[in-house]
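S.K.: Take a look at the following structure, please.
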Amino acid sequence: MRVIIVKDDDAGAQLASAAIIRRFQRQPKSVLGLATGSSPLGIYQRLIAAYENGEVSFADAWAFQLDEYIGLDANHPQLYRNVIDELLAKHVDFQPGRVHAPDGLARDLASAGPAYDELIEAAGGVDVQILGIGTDGHIAFNEPGASFAAGTHVEALTEQTRTDNARFFDGDITQVPTHALTQGLGTIMRARQLIMVANGEGKAEAIAQLVEGPVSVSWPATIMQHHPHAAVIVDEAAASKLQRQDFYRHAWENRLDFQEL
Ligand code: F6R
């Protein structure tokens, strides 16, 4: 796992978006995995700018979101499908019907998970997956104790995650859904490349566990240590609890020409 410490979230977004843009320039038919939340905002802004400048197109691409809340109305602005539409999809040239999210509105939630995994497989699997991390170490909505092998499934959200996300619901935790339909860790690990961005001191413990801790479902993101092509891009605050910061800086500054994210 490559660990890259950058000076701020802007620099992280620059690095991550450049890698994604390169990928779509070389292979326009790629499949992009999308995270919601604050962490990827700068990446999405840069992808939109690159599209507007004619540097990249998503006309042949597919996209799959990581997760979706259960219990929100179809028009709720925080339904992740609507969030991604506002933040990215409607500003670039994905073909209609090519940006998917788990169906948190499904009547049959038990079969909506496996159906979503089949859809991802039918598109050829995710090529580049953007990830954020929760303060409790979750990725997508795989909370501590999650299965490393699970496919897309219904997950109960922890009090910590609902508190963290209350900022998107007028600061009112009672408005934050209690459940989500989320790609499982097994689904996420099948993506060919993982790019995580994390910023701020609140993420420092989760990042230290992810990068240097034992692999454990107590910190679900630690499964990324077993991924063959994963990068963790962190600002200095999020990196502050890492023991080997000097080495990570050294390795990135002295990377060889062919070494990209
Ligand atoms: C959302 C998702 C979550 C977030 C995580 C961090 O699709 O996958 O795992 O990435 O909750 O959220 P932010 O980026 O808002 O700190």
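Chain labels A, B, ... are given in the sequence in which chains occur in the structure tokens; within each chain residues are numbered consecutively from 1, and ligands are likewise numbered from 1 in the order shown.
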Run DSSP on the backbone and grab whatever in region 160-207 of chain A lands in strand (DSSP E or B); send it over as an mmCIF file with C-alpha atoms, in the first residue's frame.
M.R.:
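The new file out.cif reads:
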```cif
data_model
loop_
_atom_site.group_PDB
_atom_site.id
_atom_site.type_symbol
_atom_site.label_atom_id
_atom_site.label_comp_id
_atom_site.auth_asym_id
_atom_site.auth_seq_id
_atom_site.Cartn_x
_atom_site.Cartn_y
_atom_site.Cartn_z
ATOM 1 C CA HIS A 179 -29.280 1.869 7.968
ATOM 2 C CA ALA A 180 -27.565 1.877 4.596
ATOM 3 C CA LEU A 181 -27.169 -0.464 1.627
ATOM 4 C CA THR A 182 -23.426 -0.645 1.155
ATOM 5 C CA GLN A 193 -7.262 0.016 -7.802
ATOM 6 C CA LEU A 194 -8.187 1.788 -4.562
ATOM 7 C CA ILE A 195 -7.462 5.464 -3.967
ATOM 8 C CA MET A 196 -8.286 6.768 -0.504
ATOM 9 C CA VAL A 197 -8.195 10.428 0.505
ATOM 10 C CA ALA A 198 -8.372 11.508 4.158
#
```
S.K.: Select the residues contacting ligand 1 at a distance of at most 9 Å, based on only C-alpha atoms and all ligand atoms, then format the selection as a compact mmCIF listing (two decimals) with C-alpha atoms, in the first residue's frame.
M.R.:
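In the end it all went to selection_13.txt:
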```
# COMPACT_ATOMS: atom_id res chain seq x y z
CA LEU A 34 -17.57 6.82 -6.36
CA ALA A 35 -17.59 7.70 -2.66
CA THR A 36 -19.87 10.31 -1.11
CA GLY A 37 -19.00 12.53 1.90
CA SER A 38 -16.63 15.48 2.15
CA SER A 39 -13.33 13.78 1.34
CA PRO A 40 -13.74 13.39 -2.45
CA LEU A 41 -15.21 16.86 -3.11
CA GLN A 65 -21.44 4.43 -5.99
CA LEU A 66 -20.28 2.76 -2.81
CA ASP A 67 -23.39 3.05 -0.73
CA GLU A 68 -26.84 4.50 -0.22
CA TYR A 80 -26.42 9.59 -2.13
CA ILE A 130 -12.32 6.39 -4.73
CA LEU A 131 -12.59 5.95 -0.96
CA GLY A 132 -12.94 8.06 2.16
CA ILE A 133 -12.64 6.71 5.69
CA GLY A 134 -14.86 7.19 8.72
CA THR A 135 -13.42 8.21 12.08
CA ASP A 136 -14.23 4.68 13.28
CA GLY A 137 -12.32 3.14 10.36
CA HIS A 138 -15.30 2.34 8.15
CA ILE A 139 -15.07 2.33 4.37
CA ALA A 140 -18.29 2.68 2.45
CA PHE A 141 -20.64 1.88 5.38
CA ASN A 142 -18.80 -1.22 6.59
CA GLU A 143 -18.74 -0.49 10.29
CA THR A 161 -21.12 7.52 12.03
CA ASP A 164 -20.35 12.43 12.12
CA ASN A 165 -22.91 12.65 9.30
CA THR A 182 -23.43 -0.65 1.15
CA GLN A 183 -20.88 -2.39 -0.99
CA MET A 196 -8.29 6.77 -0.50
CA VAL A 197 -8.19 10.43 0.51
CA ALA A 198 -8.37 11.51 4.16
CA ASN A 199 -7.90 14.89 5.76
CA GLY A 202 -10.22 13.50 13.22
CA LYS A 203 -9.04 10.83 10.78
```
S.K.: With 12 Å as the cut-off and only C-alpha atoms counted, what is the closest atom pair between each nearby residue of region 123-161 of chain A and region 111-119 of chain A? Distances in Å to one decimal, ordered by chain and number, as JSON lines.
M.R.:
```
{"residue": "A:Ala123", "atom": "CA", "partner": "A:Leu119", "partner_atom": "CA", "distance": 6.4}
{"residue": "A:Gly124", "atom": "CA", "partner": "A:Leu119", "partner_atom": "CA", "distance": 8.9}
{"residue": "A:Gly125", "atom": "CA", "partner": "A:Leu119", "partner_atom": "CA", "distance": 8.7}
{"residue": "A:Val126", "atom": "CA", "partner": "A:Asp117", "partner_atom": "CA", "distance": 10.5}
{"residue": "A:Ala150", "atom": "CA", "partner": "A:Gly113", "partner_atom": "CA", "distance": 10.1}
{"residue": "A:Gly151", "atom": "CA", "partner": "A:Asp117", "partner_atom": "CA", "distance": 6.8}
{"residue": "A:Thr152", "atom": "CA", "partner": "A:Gly113", "partner_atom": "CA", "distance": 4.4}
{"residue": "A:His153", "atom": "CA", "partner": "A:Gly113", "partner_atom": "CA", "distance": 4.9}
{"residue": "A:Val154", "atom": "CA", "partner": "A:Gly113", "partner_atom": "CA", "distance": 7.5}
{"residue": "A:Glu155", "atom": "CA", "partner": "A:Gly113", "partner_atom": "CA", "distance": 10.8}
```
S.K.: Would you save the residues of that selection, restricted to N, CA, C and O atoms, as a PDB file, in the first residue's frame?
M.R.:
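Everything below was put into result_1.pdb:
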```
ATOM      1  N   ALA A 123     -20.534  -4.968 -15.745  1.00  0.00           N
ATOM      2  CA  ALA A 123     -19.829  -3.827 -16.352  1.00  0.00           C
ATOM      3  C   ALA A 123     -18.317  -4.086 -16.418  1.00  0.00           C
ATOM      4  O   ALA A 123     -17.563  -3.231 -16.879  1.00  0.00           O
ATOM      5  N   GLY A 124     -17.887  -5.231 -15.918  1.00  0.00           N
ATOM      6  CA  GLY A 124     -16.464  -5.570 -15.992  1.00  0.00           C
ATOM      7  C   GLY A 124     -15.711  -5.335 -14.697  1.00  0.00           C
ATOM      8  O   GLY A 124     -14.495  -5.507 -14.637  1.00  0.00           O
ATOM      9  N   GLY A 125     -16.416  -4.924 -13.641  1.00  0.00           N
ATOM     10  CA  GLY A 125     -15.750  -4.661 -12.354  1.00  0.00           C
ATOM     11  C   GLY A 125     -15.229  -3.240 -12.296  1.00  0.00           C
ATOM     12  O   GLY A 125     -15.013  -2.599 -13.330  1.00  0.00           O
ATOM     13  N   VAL A 126     -15.038  -2.752 -11.076  1.00  0.00           N
ATOM     14  CA  VAL A 126     -14.569  -1.374 -10.884  1.00  0.00           C
ATOM     15  C   VAL A 126     -13.066  -1.310 -11.155  1.00  0.00           C
ATOM     16  O   VAL A 126     -12.293  -2.119 -10.639  1.00  0.00           O
ATOM     17  N   ALA A 150     -17.953  -9.850   2.726  1.00  0.00           N
ATOM     18  CA  ALA A 150     -19.337  -9.561   2.314  1.00  0.00           C
ATOM     19  C   ALA A 150     -19.435  -8.831   0.979  1.00  0.00           C
ATOM     20  O   ALA A 150     -18.592  -8.005   0.637  1.00  0.00           O
ATOM     21  N   GLY A 151     -20.509  -9.155   0.259  1.00  0.00           N
ATOM     22  CA  GLY A 151     -20.911  -8.374  -0.901  1.00  0.00           C
ATOM     23  C   GLY A 151     -21.787  -7.222  -0.443  1.00  0.00           C
ATOM     24  O   GLY A 151     -21.879  -6.918   0.754  1.00  0.00           O
ATOM     25  N   THR A 152     -22.453  -6.586  -1.399  1.00  0.00           N
ATOM     26  CA  THR A 152     -23.332  -5.455  -1.065  1.00  0.00           C
ATOM     27  C   THR A 152     -24.472  -5.946  -0.166  1.00  0.00           C
ATOM     28  O   THR A 152     -25.096  -6.962  -0.452  1.00  0.00           O
ATOM     29  N   HIS A 153     -24.696  -5.232   0.921  1.00  0.00           N
ATOM     30  CA  HIS A 153     -25.632  -5.700   1.948  1.00  0.00           C
ATOM     31  C   HIS A 153     -26.146  -4.531   2.780  1.00  0.00           C
ATOM     32  O   HIS A 153     -25.596  -3.430   2.720  1.00  0.00           O
ATOM     33  N   VAL A 154     -27.140  -4.807   3.596  1.00  0.00           N
ATOM     34  CA  VAL A 154     -27.678  -3.790   4.516  1.00  0.00           C
ATOM     35  C   VAL A 154     -26.811  -3.752   5.773  1.00  0.00           C
ATOM     36  O   VAL A 154     -26.457  -4.794   6.328  1.00  0.00           O
ATOM     37  N   GLU A 155     -26.445  -2.553   6.186  1.00  0.00           N
ATOM     38  CA  GLU A 155     -25.618  -2.385   7.391  1.00  0.00           C
ATOM     39  C   GLU A 155     -26.316  -1.387   8.324  1.00  0.00           C
ATOM     40  O   GLU A 155     -26.879  -0.378   7.867  1.00  0.00           O
TER      41      GLU A 155
END
```
S.K.: From the options A:Asp172, A:Asp93, A:Asp127, A:Glu205, which residue's atoms come nearest to Tyr51 (chain A), counting only C-alpha atoms?
M.R.: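 Answer, going by the shortest atom-to-atom distance: A:Asp93.
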S.K.: Could you jot down the CA of Val232 (chain A) to CA of Arg46 (chain A) separation for me, Å, one decimal place?
M.R.: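 Between CA of Val232 (chain A) and CA of Arg46 (chain A) the gap works out to 18.4 Å.
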S.K.: Between A:Ile223, A:Ala18, A:Ala101, A:Leu72, which one has atoms that come closest to Pro144 (chain A), using only C-alpha atoms?
M.R.: A:Ile223
S.K.: Which residues in region 47-253 of chain A does DSSP call alpha helix (DSSP H)? List them as an MDAnalysis selection string.
M.R.: chainID A and resid 47:52 80:87 109:122 159:165 185:189 204:212 245:253
S.K.: Produce a file of the selected residues containing C-alpha atoms, as a compact mmCIF listing (two decimals), in the first residue's frame.
M.R.:
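Listing of part25.txt after writing:
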```txt
# COMPACT_ATOMS: atom_id res chain seq x y z
CA LEU A 47 -12.78 15.91 -12.76
CA ILE A 48 -15.47 18.41 -13.78
CA ALA A 49 -12.84 21.04 -14.64
CA ALA A 50 -10.87 18.52 -16.71
CA TYR A 51 -14.03 17.52 -18.57
CA GLU A 52 -14.92 21.18 -19.23
CA TYR A 80 -26.42 9.59 -2.13
CA ARG A 81 -27.69 9.09 -5.67
CA ASN A 82 -28.84 12.73 -5.65
CA VAL A 83 -25.67 13.92 -3.93
CA ILE A 84 -23.43 12.38 -6.60
CA ASP A 85 -25.65 13.76 -9.33
CA GLU A 86 -25.20 17.26 -7.90
CA LEU A 87 -21.48 16.90 -7.20
CA LEU A 109 -33.51 -4.94 0.20
CA ALA A 110 -32.23 -8.49 0.66
CA SER A 111 -31.93 -9.04 -3.08
CA ALA A 112 -30.94 -5.45 -3.93
CA GLY A 113 -27.40 -6.13 -2.61
CA PRO A 114 -26.57 -9.19 -4.72
CA ALA A 115 -28.27 -7.52 -7.73
CA TYR A 116 -25.91 -4.57 -7.37
CA ASP A 117 -22.83 -6.81 -7.24
CA GLU A 118 -24.03 -8.53 -10.41
CA LEU A 119 -24.42 -5.16 -12.12
CA ILE A 120 -20.84 -4.24 -11.22
CA GLU A 121 -19.57 -7.57 -12.52
CA ALA A 122 -21.56 -7.18 -15.76
CA GLU A 159 -23.88 6.12 16.65
CA GLN A 160 -20.44 7.53 15.78
CA THR A 161 -21.12 7.52 12.03
CA ARG A 162 -24.58 9.04 12.48
CA THR A 163 -23.10 11.75 14.70
CA ASP A 164 -20.35 12.43 12.12
CA ASN A 165 -22.91 12.65 9.30
CA LEU A 185 -15.54 -5.17 1.92
CA GLY A 186 -15.47 -8.17 -0.43
CA THR A 187 -16.95 -6.03 -3.22
CA ILE A 188 -14.58 -3.14 -2.58
CA MET A 189 -11.54 -5.43 -2.55
CA ALA A 204 -5.56 10.40 12.30
CA GLU A 205 -6.35 7.36 14.48
CA ALA A 206 -8.25 5.57 11.71
CA ILE A 207 -5.36 6.23 9.29
CA ALA A 208 -2.76 4.98 11.78
CA GLN A 209 -4.78 1.78 12.23
CA LEU A 210 -5.35 1.39 8.49
CA VAL A 211 -1.69 1.79 7.55
CA GLU A 212 0.21 0.41 10.54
CA GLN A 245 6.00 9.29 8.23
CA ASP A 246 9.62 9.93 7.25
CA PHE A 247 9.80 6.72 5.29
CA TYR A 248 6.53 7.35 3.43
CA ARG A 249 7.75 10.84 2.45
CA HIS A 250 11.13 9.45 1.40
CA ALA A 251 9.60 6.67 -0.69
CA TRP A 252 7.23 9.02 -2.53
CA GLU A 253 9.81 11.77 -3.11
```
S.K.: Would you pick out the contacts of Phe58 (chain A) at 8 Å or less, using only C-alpha atoms, so that residues sharing its chain but fewer than 2 positions from it are not included, and give the list as a list of chain:residue names?
M.R.: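 Once the nearby chain positions are removed, what remains is A:Phe24, A:Pro28, A:Lys29, A:Val56, A:Asp60, A:Ala61, A:Trp62, A:Val92, A:Asp93, A:Phe94, A:Gln95.
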S.K.: Could the residues in this selection be saved with C-alpha atoms as a PDB file, in the first residue's frame?
M.R.:
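Full text of out.pdb as output:
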```pdb
ATOM      1  CA  PHE A  24      -9.695   7.653 -18.415  1.00  0.00           C
ATOM      2  CA  PRO A  28     -12.006   5.662 -21.736  1.00  0.00           C
ATOM      3  CA  LYS A  29     -14.150   2.565 -21.133  1.00  0.00           C
ATOM      4  CA  VAL A  56     -11.178  13.899 -20.308  1.00  0.00           C
ATOM      5  CA  ASP A  60     -17.742   5.508 -22.528  1.00  0.00           C
ATOM      6  CA  ALA A  61     -17.436   5.067 -18.773  1.00  0.00           C
ATOM      7  CA  TRP A  62     -19.538   3.469 -16.083  1.00  0.00           C
ATOM      8  CA  VAL A  92     -19.899  15.631 -16.979  1.00  0.00           C
ATOM      9  CA  ASP A  93     -20.843  13.403 -19.920  1.00  0.00           C
ATOM     10  CA  PHE A  94     -21.754  10.025 -18.432  1.00  0.00           C
ATOM     11  CA  GLN A  95     -24.423   8.442 -20.626  1.00  0.00           C
TER      12      GLN A  95
END
```
S.K.: Using only C-alpha atoms, find the one residue out of A:Gly200, A:Thr222, A:Pro228, A:Gln25 that sits nearest to Ile5 (chain A).
M.R.: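 Comparing A:Gly200, A:Thr222, A:Pro228, A:Gln25 against Ile5 (chain A), the winner is A:Gly200.
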S.K.: Could you check how far CA of Ala146 (chain A) sits from CA of Ser216 (chain A), in Å to one decimal?
M.R.: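 Computing it gives 9.6 Å between the two atoms.
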S.K.: Between A:Ser218, A:Ser57, A:Gln78, A:Gln243, which residue has the minimum interatomic distance to Ser147 (chain A), considering only C-alpha atoms?
M.R.: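 Nearest to Ser147 (chain A): A:Ser218.
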S.K.: For Val99 (chain A), which residue among A:Val31, A:Ala238, A:Gln129, A:Ala74 is the nearest when counting only C-alpha atoms?
M.R.: A:Val31
S.K.: Report the distance between CA of Ala239 (chain A) and CA of Pro220 (chain A) in Å, rounded to one decimal place.
M.R.: 18.1 Å
S.K.: Quick one: of A:Ala156, A:Leu88, A:Val6, A:Leu79, who's nearest to Ala63 (chain A), counting only C-alpha atoms?
M.R.: A:Leu88
